[in-house]
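A.B. asks: Handing you this structure, nothing more for now.
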Protein chains: 2
Amino acid sequence: MTEWSKINSYLHGKSDILILIHEKPDGDCLGSALALGLALESKGYNPEILMPNKMPEIYEFLPGQHLISIKPPYLLPHDVLIIAVDCADTKRFEYRLPKNSVGIINIDHHISNTSFGDYNLVDAEAAAAGEIIYKLLHESDIKITGDIATCLYTAISSDTGSFSYSNTTYQTLQIAAELLAKGADIDSIRYNIYEKKPLKDLLIIKKGLDNLYLSPEGQVAACTIGYGDLSKNDLLTADTDGLINILRSTEGVEVALLFKEVAPGQVKLSLRSKSFYNVNELAQEYEGGGHPRAAGCTIRGNLSDIVDEVLQKAEGALKGRGDNERSN
Amino acid sequence: MTEWSKINSYLHGKSDILILIHEKPDGDCLGSALALGLALESKGYNPEILMPNKMPEIYEFLPGQHLISIKPPYLLPHDVLIIAVDCADTKRFEYRLPKNSVGIINIDHHISNTSFGDYNLVDAEAAAAGEIIYKLLHESDIKITGDIATCLYTAISSDTGSFSYSNTTYQTLQIAAELLAKGADIDSIRYNIYEKKPLKDLLIIKKGLDNLYLSPEGQVAACTIGYGDLSKNDLLTADTDGLINILRSTEGVEVALLFKEVAPGQVKLSLRSKSFYNVNELAQEYEGGGHPRAAGCTIRGNLSDIVDEVLQKAEGALKGRGDNERSN
């Protein structure tokens with residue numbers, strides 16, 4: 001029995017389907033949800049992808065935008081089937097689950113997935129949720145259109161660093177090849193995701209590098225952006241990934257830090273590491289969190305005091321540790 | 001008859017083979033040449049990859065470095081078999097070809113290839129020379145080792161922008177999948193190519209953005225680095241691709257320019273465009289050249305006069321042209 005036929009038995013007789021995604025959705029989450037939505041729509045279902053905030057600009061090019069419903073968080077109705085995509089647990093939802101729901105289908109690739117669904121299609125070996133959706137559709141009678149292929153190629157290339165991370169497998173690249181053959185528009189993906197960065201992202205790189213700090217041993221690189229260094233909108237909405245990645249990708253740098261004063265006396269700290277240092281632990285000291293290689297927290301106080309304190313901790317922890325710990 | 005058996009008939013009876021690559025070799029050129037060299041070595045041949053300058057640092061991790069011979073340009077002996085890799089014509093060589101050579105094999109994927117070889121294995125449909133080498137080895141009795149696979153994955157991912165450019169095909173991704181299965185070390189590729197950028201590359205981004213110019217309509221972005229803004233070594237040897245790509249990837253920017261004063265009164269100009277503007281034509285006005293989307297030239301004169309003149313030309317040419325000309 002295929003996964004599709006199992007899921008199909010849950011869908012049977014229902015028309016309305018709510019697709020739930022996680023907060024701050026990324027390319028894999030959105031591409032997977034849109035692909036699934038388009039597939040369900042093609043079979044006569046009425047899927048709706050719930051989001052409390054508008055689509056991140058860079059993903060507005062993805063097909064299937066008509067399936068998105070921007071709605072503030074609310075208690076979901078119990079009589080609608082729910083499909084969660086790319087969510088490790090129910091805390092990732094921005095909507096409250098009903099008691100006695102007619103059914104929750106959980107499609108995910110996180111190893112930490114809690115199997116919260118009535119039906120769980122979880123494959124931690126998959127590099128992206130998009131791989132799982134591809135296999136699901138591939139074994140069904142649903143046609144993988146060019147639009148669906150574009151969504152899934154975006155999903156998979158997003159979560160694999162464009163096929164450069166170690167989660168990339170033989171299967172990942174085989175699926176990508178099939179998606180290309182089915183009409184994935186990689187020109188549009190490249191243009192919209194990599195070549196259309198908002199001007200504010202460039203300004204934040206410029207401003208951040210104005211205040212560049214490198215530790216004496218070169219293992220810590222940090223940038224500081226003060227409140228008032230940029231317009232409030234640019235400061236709060238620009239994507240800082242580009243800036244912190246420039247720091248992190250520099251030879252010898254193990255930890256990259258970005259201190260952004262988002263309000264007077266309130267500093268948002270983004271932390272990234274390259275190979276061995278657990279930035280999640282450092283973020284937790286300030287009641288933040290994340291992953292060993294990417295974490296964040298918010299700290300109250302004077303910007304330069306905060307910078308001094310965090311740098312001291314990071315540099316202290318890195319003393320005597322080096323490139324020989326690189327796991328690659 | 002396979003391409004390999006045809007090439008094999010040229011190799012027969014010879015032991016020494018010179019592999020020629022082009023000037024300023026990139027990941028495809030080097031990865032392909034090293035993969036071919038390792039393959040020939042495994043069959044008992046004595047291949048030598050000629051380069052006048054040392055290996056670019058970021059490619060020092062590639063297997064097969066022992067096959068590289070750093071030699072100043074000279075007239076090649078007539079009694080050694082030559083294999084040219086990734087070279088569209090003989091002007092790309094930095095070594096002089098002998099008259100009456102025993103044979104030249106030409107392996108390339110440029111549509112402009114002049115078929116200069118005694119045997120030409122040219123496939124303009126291939127996204128990278130690495131694809132051609134893969135197919136050549138795949139149909140031979142040569143084992144594609146992990147080392148060879150790492151070289152070829154580097155070659156193919158380099159020339160396809162990590163599988164994002166429109167030259168990426170079903171076959172490209174199929175081959176990448178096979179290379180992964182054969183042991184391509186993508187962790188090492190990612191770490192060495194994308195996560196180990198020299199500090200000087202970061203400093204050139206910082207310094208360049210210090211002097212950022214955006215045209216009123218936002219179609220031209222330019223950075224200026226004066227002689228003396230950085231140490232002479234950093235100024236002359238840092239890779240400026242990262243900086244110019246930050247400019248080019250910004251929304252609305254069609255032309256990105258980097259003015260670098262490499263000696264007092266001597267300005268190196270790098271030009272990139274995104275979608276439609278032919279920067280090659282602008283570079284040719286200053287006796288430079290390149291491609292429609294990437295070109296360069298050197299201009300003598302006062303830095304700020306040169307900047308003014310070039311900006312005026314670029315902005316004038318772009319007036320009234322816009323995003324609707326985007327070819328994607």
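Starting from 1 in every chain, residues are counted up; chains themselves are A, B, ... following the order of the structure tokens, and ligands are numbered from 1 as listed.
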Got a sec to pull out which chain A residues are within 6 Å of chain B, counting only C-alpha atoms, and send them as a ChimeraX atom specification?
C.D. replies: /A:162,164,166,170,173-174,177,181,187,190,195-199,206,209,249-251,328
A.B. asks: Restricting it to N, CA and C atoms, dump the selection as a short mmCIF file (atom, residue, chain, number, x, y, z; two decimals), in the first residue's frame.
C.D. replies:
```cif
data_model
loop_
_atom_site.label_atom_id
_atom_site.label_comp_id
_atom_site.auth_asym_id
_atom_site.auth_seq_id
_atom_site.Cartn_x
_atom_site.Cartn_y
_atom_site.Cartn_z
N SER A 162 21.53 24.48 -2.03
CA SER A 162 21.73 24.23 -3.46
C SER A 162 22.65 23.01 -3.68
N SER A 164 24.66 21.42 -1.72
CA SER A 164 26.04 21.46 -1.22
C SER A 164 26.15 20.93 0.20
N SER A 166 25.67 18.31 3.50
CA SER A 166 25.88 16.87 3.59
C SER A 166 24.58 16.09 3.61
N TYR A 170 22.10 10.75 -3.05
CA TYR A 170 21.84 10.26 -4.40
C TYR A 170 20.37 10.50 -4.75
N LEU A 173 19.43 14.21 -5.55
CA LEU A 173 19.81 14.66 -6.89
C LEU A 173 18.99 13.96 -7.97
N GLN A 174 18.63 12.71 -7.73
CA GLN A 174 17.75 12.01 -8.67
C GLN A 174 16.40 12.71 -8.76
N ALA A 177 16.67 15.93 -10.62
CA ALA A 177 16.72 15.66 -12.07
C ALA A 177 15.31 15.44 -12.61
N ALA A 181 13.11 17.65 -15.37
CA ALA A 181 12.48 17.04 -16.55
C ALA A 181 10.98 17.35 -16.59
N ASP A 187 15.43 28.96 -13.87
CA ASP A 187 15.78 30.36 -14.13
C ASP A 187 14.99 31.28 -13.21
N ARG A 190 16.29 30.86 -9.59
CA ARG A 190 17.56 31.56 -9.37
C ARG A 190 17.34 33.08 -9.31
N GLU A 195 18.87 36.64 -7.07
CA GLU A 195 19.28 37.82 -7.83
C GLU A 195 18.35 39.01 -7.64
N LYS A 196 17.48 38.94 -6.66
CA LYS A 196 16.50 40.00 -6.47
C LYS A 196 16.43 40.39 -5.00
N LYS A 197 17.58 40.45 -4.37
CA LYS A 197 17.62 40.77 -2.93
C LYS A 197 17.21 42.23 -2.74
N PRO A 198 16.37 42.50 -1.75
CA PRO A 198 15.97 43.89 -1.52
C PRO A 198 17.19 44.78 -1.24
N LEU A 199 17.08 46.03 -1.64
CA LEU A 199 18.16 46.99 -1.40
C LEU A 199 18.52 47.06 0.08
N LYS A 206 26.38 46.70 4.26
CA LYS A 206 27.27 47.88 4.30
C LYS A 206 27.39 48.42 5.73
N LEU A 209 29.21 45.97 8.19
CA LEU A 209 30.66 45.89 8.01
C LEU A 209 31.36 47.19 8.43
N SER A 249 31.66 32.64 6.49
CA SER A 249 32.36 31.93 5.41
C SER A 249 33.83 32.34 5.31
N THR A 250 34.27 33.20 6.22
CA THR A 250 35.67 33.64 6.17
C THR A 250 36.58 32.61 6.83
N GLU A 251 37.73 32.40 6.19
CA GLU A 251 38.69 31.41 6.68
C GLU A 251 39.06 31.67 8.13
N ASN A 328 34.27 18.34 9.07
CA ASN A 328 34.27 17.95 7.65
C ASN A 328 35.60 17.31 7.28
#
```
A.B. asks: Write out as a PDB file with N, CA and C atoms, in the first residue's frame each polymer residue whose atoms come within 9 Å of segment 38-40 of chain B, counting only C-alpha atoms; drop sequence neighbours fewer than 3 positions from it.
C.D. replies:
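Produced file selection_1.pdb, reproduced below:
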```pdb
ATOM      1  N   ILE B  17      51.723  12.286 -21.205  1.00  0.00           N
ATOM      2  CA  ILE B  17      50.604  13.079 -21.731  1.00  0.00           C
ATOM      3  C   ILE B  17      50.617  14.445 -21.048  1.00  0.00           C
ATOM      4  N   ALA B  33      40.364  18.645 -15.421  1.00  0.00           N
ATOM      5  CA  ALA B  33      41.739  18.259 -15.749  1.00  0.00           C
ATOM      6  C   ALA B  33      42.285  17.281 -14.702  1.00  0.00           C
ATOM      7  N   LEU B  34      42.014  17.552 -13.426  1.00  0.00           N
ATOM      8  CA  LEU B  34      42.514  16.670 -12.365  1.00  0.00           C
ATOM      9  C   LEU B  34      41.841  15.297 -12.449  1.00  0.00           C
ATOM     10  N   ALA B  35      40.531  15.288 -12.696  1.00  0.00           N
ATOM     11  CA  ALA B  35      39.825  14.004 -12.809  1.00  0.00           C
ATOM     12  C   ALA B  35      40.398  13.189 -13.961  1.00  0.00           C
ATOM     13  N   LYS B  43      45.527   4.178 -15.169  1.00  0.00           N
ATOM     14  CA  LYS B  43      45.726   3.226 -16.265  1.00  0.00           C
ATOM     15  C   LYS B  43      47.194   3.122 -16.663  1.00  0.00           C
ATOM     16  N   GLY B  44      48.086   3.686 -15.854  1.00  0.00           N
ATOM     17  CA  GLY B  44      49.512   3.528 -16.105  1.00  0.00           C
ATOM     18  C   GLY B  44      50.142   4.617 -16.947  1.00  0.00           C
ATOM     19  N   TYR B  45      49.367   5.614 -17.332  1.00  0.00           N
ATOM     20  CA  TYR B  45      49.943   6.734 -18.078  1.00  0.00           C
ATOM     21  C   TYR B  45      50.639   7.692 -17.128  1.00  0.00           C
ATOM     22  N   ASN B  46      51.362   8.624 -17.718  1.00  0.00           N
ATOM     23  CA  ASN B  46      52.113   9.604 -16.941  1.00  0.00           C
ATOM     24  C   ASN B  46      51.627  11.005 -17.326  1.00  0.00           C
ATOM     25  N   PRO B  47      50.450  11.403 -16.820  1.00  0.00           N
ATOM     26  CA  PRO B  47      49.905  12.699 -17.206  1.00  0.00           C
ATOM     27  C   PRO B  47      50.499  13.841 -16.380  1.00  0.00           C
ATOM     28  N   PRO B  63      41.781  16.588  -5.057  1.00  0.00           N
ATOM     29  CA  PRO B  63      42.719  15.467  -5.215  1.00  0.00           C
ATOM     30  C   PRO B  63      43.487  15.580  -6.539  1.00  0.00           C
ATOM     31  N   GLY B  64      44.680  15.023  -6.558  1.00  0.00           N
ATOM     32  CA  GLY B  64      45.457  14.967  -7.802  1.00  0.00           C
ATOM     33  C   GLY B  64      46.434  16.111  -7.977  1.00  0.00           C
ATOM     34  N   LEU B  67      49.769  15.954  -9.844  1.00  0.00           N
ATOM     35  CA  LEU B  67      49.835  15.920 -11.311  1.00  0.00           C
ATOM     36  C   LEU B  67      50.121  17.296 -11.912  1.00  0.00           C
ATOM     37  N   LEU B 137      34.702   8.603 -18.909  1.00  0.00           N
ATOM     38  CA  LEU B 137      35.198   7.592 -17.969  1.00  0.00           C
ATOM     39  C   LEU B 137      34.148   6.519 -17.723  1.00  0.00           C
ATOM     40  N   ILE B 142      37.690   2.428 -16.695  1.00  0.00           N
ATOM     41  CA  ILE B 142      38.376   3.129 -15.600  1.00  0.00           C
ATOM     42  C   ILE B 142      37.425   3.298 -14.423  1.00  0.00           C
ATOM     43  N   LYS B 143      37.920   2.991 -13.247  1.00  0.00           N
ATOM     44  CA  LYS B 143      37.088   3.152 -12.043  1.00  0.00           C
ATOM     45  C   LYS B 143      37.011   4.627 -11.658  1.00  0.00           C
ATOM     46  N   ILE B 144      35.791   5.122 -11.485  1.00  0.00           N
ATOM     47  CA  ILE B 144      35.612   6.493 -10.997  1.00  0.00           C
ATOM     48  C   ILE B 144      35.704   6.433  -9.475  1.00  0.00           C
ATOM     49  N   THR B 145      36.885   6.779  -8.974  1.00  0.00           N
ATOM     50  CA  THR B 145      37.128   6.711  -7.527  1.00  0.00           C
ATOM     51  C   THR B 145      36.463   7.893  -6.829  1.00  0.00           C
ATOM     52  N   ASP B 147      38.035  10.180  -5.250  1.00  0.00           N
ATOM     53  CA  ASP B 147      38.833  11.361  -5.601  1.00  0.00           C
ATOM     54  C   ASP B 147      38.406  11.938  -6.955  1.00  0.00           C
ATOM     55  N   ILE B 148      38.245  11.061  -7.928  1.00  0.00           N
ATOM     56  CA  ILE B 148      37.816  11.531  -9.254  1.00  0.00           C
ATOM     57  C   ILE B 148      36.421  12.144  -9.153  1.00  0.00           C
TER      58      ILE B 148
END
```
A.B. asks: Quick one: of B:Asp28, B:Tyr10, B:Gly37, B:Glu315, who's nearest to Pro216 of chain B, counting only C-alpha atoms?
C.D. replies: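 When distances to Pro216 of chain B are compared using only C-alpha atoms, the smallest one comes from B:Glu315.
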A.B. asks: Provide the atom CA of Glu281 of chain A to atom CA of Glu125 of chain A distance in Å, to one decimal place.
C.D. replies: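 So the two atoms, atom CA of Glu281 of chain A and atom CA of Glu125 of chain A, lie 25.8 Å apart.
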A.B. asks: Residues within 9 Å of Pro52 of chain B, please, as a PyMOL selection string. Count only C-alpha atoms; anything in the same chain fewer than 2 positions from it doesn't count.
C.D. replies: chain B and resi 23+50+54+69-73+94-95
A.B. asks: Mind dumping the selected residues with C-alpha atoms as a CSV table (one decimal), in the first residue's frame?
C.D. replies:
```csv
chain,number,residue,atom,x,y,z
B,23,GLU,CA,44.4,30.9,-18.2
B,50,LEU,CA,50.7,22.3,-17.1
B,54,LYS,CA,50.4,28.1,-8.8
B,69,SER,CA,53.5,21.0,-13.1
B,70,ILE,CA,54.1,24.7,-12.6
B,71,LYS,CA,56.2,25.8,-15.6
B,72,PRO,CA,56.6,29.1,-17.3
B,73,PRO,CA,55.2,29.2,-20.9
B,94,GLU,CA,49.5,29.6,-22.1
B,95,TYR,CA,52.0,27.3,-23.8
```
A.B. asks: Can you measure atom CA of Leu236 of chain A to atom CA of Leu271 of chain A for me? One decimal in Å is fine.
C.D. replies: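 Computing it gives 17.1 Å between the two atoms.
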A.B. asks: Using Å and a single decimal, report how far atom CA of Thr154 of chain A sits from atom CA of Leu136 of chain A.
C.D. replies: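 It comes out at 17.0 Å.
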A.B. asks: Taking 6 positions as the minimum chain separation for residues in the same chain, which residues sit within 8 Å of segment 117-122 of chain A when counting only C-alpha atoms? Answer as a ChimeraX atom specification.
C.D. replies: /A:3,7,103-110
